[in-house]
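Here's the structure we're looking at; comments come further down.
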Amino acid sequence: MSHIEIIKETGVAAVIRGATTDNIIAIAEALKAGGVKVLEITVETPGACAAIEKASLELDDVLVGAGTVLDAETARVAIMSGAKFIFSPTTNSKTIEMAKRYGVVSIPGALTPTEILTAYENGADLIKVFPANVFGPSYIKDIHGPLPQVPLITTGGISVDNVGEYIKGGAAGVGVGSSLVNTKKELTSAYLSEITATASKFIKAVKEARGE
């Protein structure tokens, strides 16, 4: 199965801010236990690429990528650290080009129909609709009317309560941040169990929305 297919099939990418080499394995294992096997480690955190490298080397059956990538230079560093996909909050053609050069999945951010199509025409594999909560699930359905060929990942304000509506609206998947993983909380065994339980709820909601 290709990396794009894994992202689509899983349907949920955990957006992990504040990841370090000390906490990433425990977090990833907790997410994996709940069925979330796609990890977006955001690179604005110092040492994030070291966390990407550690996760990529030590975790089986988990797809690790980089998030909040704003430029091609950062994309290359993340890719050399083991990132298998590049998430961005914006569209930068050079960043897309860098991802494609090294054979990793490119997921730039866009919001308007023009931005979404432009990103897709520049070679993006999936488009991150961000911030999705500005317009809500119905917006995804509206976008899919004229642009049914463009696969969309929604990020921003995604919760267990609304994730199904985004999937029903046509989203190929979602990116979920602090409502799934909050690295500011102490990673006790109880909190790790909570992460697993929440991940399981997200996966269940996605499958139900898909009719699986």
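Quick note on naming: the chains in the structure tokens go A, B, ... in the order shown, residues restart at 1 in each chain, and ligands are numbered from 1 in order of appearance.
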> Which residues, written as a ChimeraX atom specification, have at least one atom at most 7 Å from segment 25-42 of chain A, with only C-alpha atoms counted and residues fewer than 3 positions away on the same chain left out?
Replying inline: /A:7,10,12-17,19,45,48,52,55,61-68,192-193,195-197,199-200,203
>> Which residues are near Ile143 of chain A? Cut-off 12 Å, only C-alpha atoms, ignore same chain within fewer than 4 positions. Put them as a VMD selection string.
In response: chain A and resid 110 to 117 127 129 132 135 to 139 147 to 152 154 166 169 to 171
Would you write out those residues with C-alpha atoms, as a PDB file, in the first residue's frame?
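Result saved to out-v2.pdb:
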```
ATOM      1  CA  ALA A 110      -5.228  25.921   1.045  1.00  0.00           C
ATOM      2  CA  LEU A 111      -8.688  27.288   1.732  1.00  0.00           C
ATOM      3  CA  THR A 112     -10.322  28.899  -1.288  1.00  0.00           C
ATOM      4  CA  PRO A 113     -11.213  27.003  -4.494  1.00  0.00           C
ATOM      5  CA  THR A 114      -8.491  28.908  -6.363  1.00  0.00           C
ATOM      6  CA  GLU A 115      -5.852  28.040  -3.751  1.00  0.00           C
ATOM      7  CA  ILE A 116      -6.939  24.405  -3.646  1.00  0.00           C
ATOM      8  CA  LEU A 117      -6.806  23.961  -7.428  1.00  0.00           C
ATOM      9  CA  ILE A 127      -4.768  19.271  -0.138  1.00  0.00           C
ATOM     10  CA  VAL A 129      -8.092  22.519   3.860  1.00  0.00           C
ATOM     11  CA  ALA A 132     -11.494  23.984   8.090  1.00  0.00           C
ATOM     12  CA  PHE A 135     -16.536  27.310   7.140  1.00  0.00           C
ATOM     13  CA  GLY A 136     -17.364  23.905   8.598  1.00  0.00           C
ATOM     14  CA  PRO A 137     -18.165  20.484   7.070  1.00  0.00           C
ATOM     15  CA  SER A 138     -20.637  21.824   4.506  1.00  0.00           C
ATOM     16  CA  TYR A 139     -17.785  23.736   2.859  1.00  0.00           C
ATOM     17  CA  LEU A 147     -13.514  19.877  -7.744  1.00  0.00           C
ATOM     18  CA  PRO A 148     -14.402  16.193  -7.190  1.00  0.00           C
ATOM     19  CA  GLN A 149     -10.983  15.052  -8.409  1.00  0.00           C
ATOM     20  CA  VAL A 150      -9.065  16.837  -5.630  1.00  0.00           C
ATOM     21  CA  PRO A 151      -8.541  14.770  -2.441  1.00  0.00           C
ATOM     22  CA  LEU A 152      -8.948  16.909   0.673  1.00  0.00           C
ATOM     23  CA  THR A 154      -9.397  18.862   6.716  1.00  0.00           C
ATOM     24  CA  TYR A 166     -16.298  16.212   7.476  1.00  0.00           C
ATOM     25  CA  GLY A 169     -18.879  15.913   3.266  1.00  0.00           C
ATOM     26  CA  GLY A 170     -16.173  14.298   1.174  1.00  0.00           C
ATOM     27  CA  ALA A 171     -12.931  14.688   3.138  1.00  0.00           C
TER      28      ALA A 171
END
```
> Which parts of chain A does DSSP call helix (DSSP H, G or I) when run on the backbone here, written out as a count of residues only?
Replying inline: 95
> In Å, how far is it from atom CA of Lys201 of chain A to atom CA of Ala172 of chain A?
Replying inline: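 These two atoms are separated by 17.4 Å.
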>> Going by DSSP on the backbone, which residues of segment 1-188 of chain A come out as strand (DSSP E)? List them as a ChimeraX atom specification.
In response: /A:12-16,38-42,63-67,85-87,105-107,109-110,127-129,152-155,173-176
Find the residues of segment 21-79 of chain A that sit at most 12 Å from segment 89-97 of chain A; for each, write down the nearest two atoms and how far apart they are in Å, to one decimal. Count only C-alpha atoms. Sort by chain, then by number going up, and give it as a tab-separated table.
```
residue	atom	partner	partner_atom	distance
A:Thr42	CA	A:Pro89	CA	10.7
A:Val43	CA	A:Pro89	CA	11.9
A:Ala66	CA	A:Pro89	CA	11.5
A:Gly67	CA	A:Pro89	CA	8.1
A:Thr68	CA	A:Pro89	CA	5.9
A:Val69	CA	A:Pro89	CA	7.4
A:Leu70	CA	A:Thr90	CA	7.1
A:Asp71	CA	A:Thr95	CA	5.3
A:Ala72	CA	A:Thr95	CA	4.1
A:Glu73	CA	A:Thr95	CA	7.9
A:Thr74	CA	A:Thr95	CA	8.5
A:Ala75	CA	A:Thr95	CA	6.5
A:Arg76	CA	A:Thr95	CA	8.6
A:Val77	CA	A:Thr95	CA	11.6
A:Ala78	CA	A:Thr95	CA	11.5
A:Ile79	CA	A:Thr95	CA	11.4
```
> So how many Å separate atom CA of Gly11 of chain A and atom CA of Ala190 of chain A, to one decimal?
Replying inline: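 Computing it gives 25.3 Å between the two atoms.
Of the listed residues (A:Lys184, A:Arg101, A:Lys8, A:Lys84), A:Lys8 comes nearest to Lys207 of chain A; the distances count only C-alpha atoms.
Here atom CA of Ala209 of chain A stands at a distance of 18.0 Å from atom CA of Glu5 of chain A.
For the residues A:Ser106, A:Thr21, A:Ser178, A:Thr155, ranking by smallest atom-to-atom distance to Lys128 of chain A using only C-alpha atoms places A:Thr155 first.
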>> I'd like to know which of A:Val105, A:Leu180, A:Phe130, A:Glu58 is closest to Phe202 of chain A, using only C-alpha atoms.
In response: A:Leu180
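Among the candidates A:Val104, A:Ala205, A:Ala83, A:Met98, the residue lying nearest to Ala50 of chain A is A:Ala83 (atoms considered: only C-alpha atoms).
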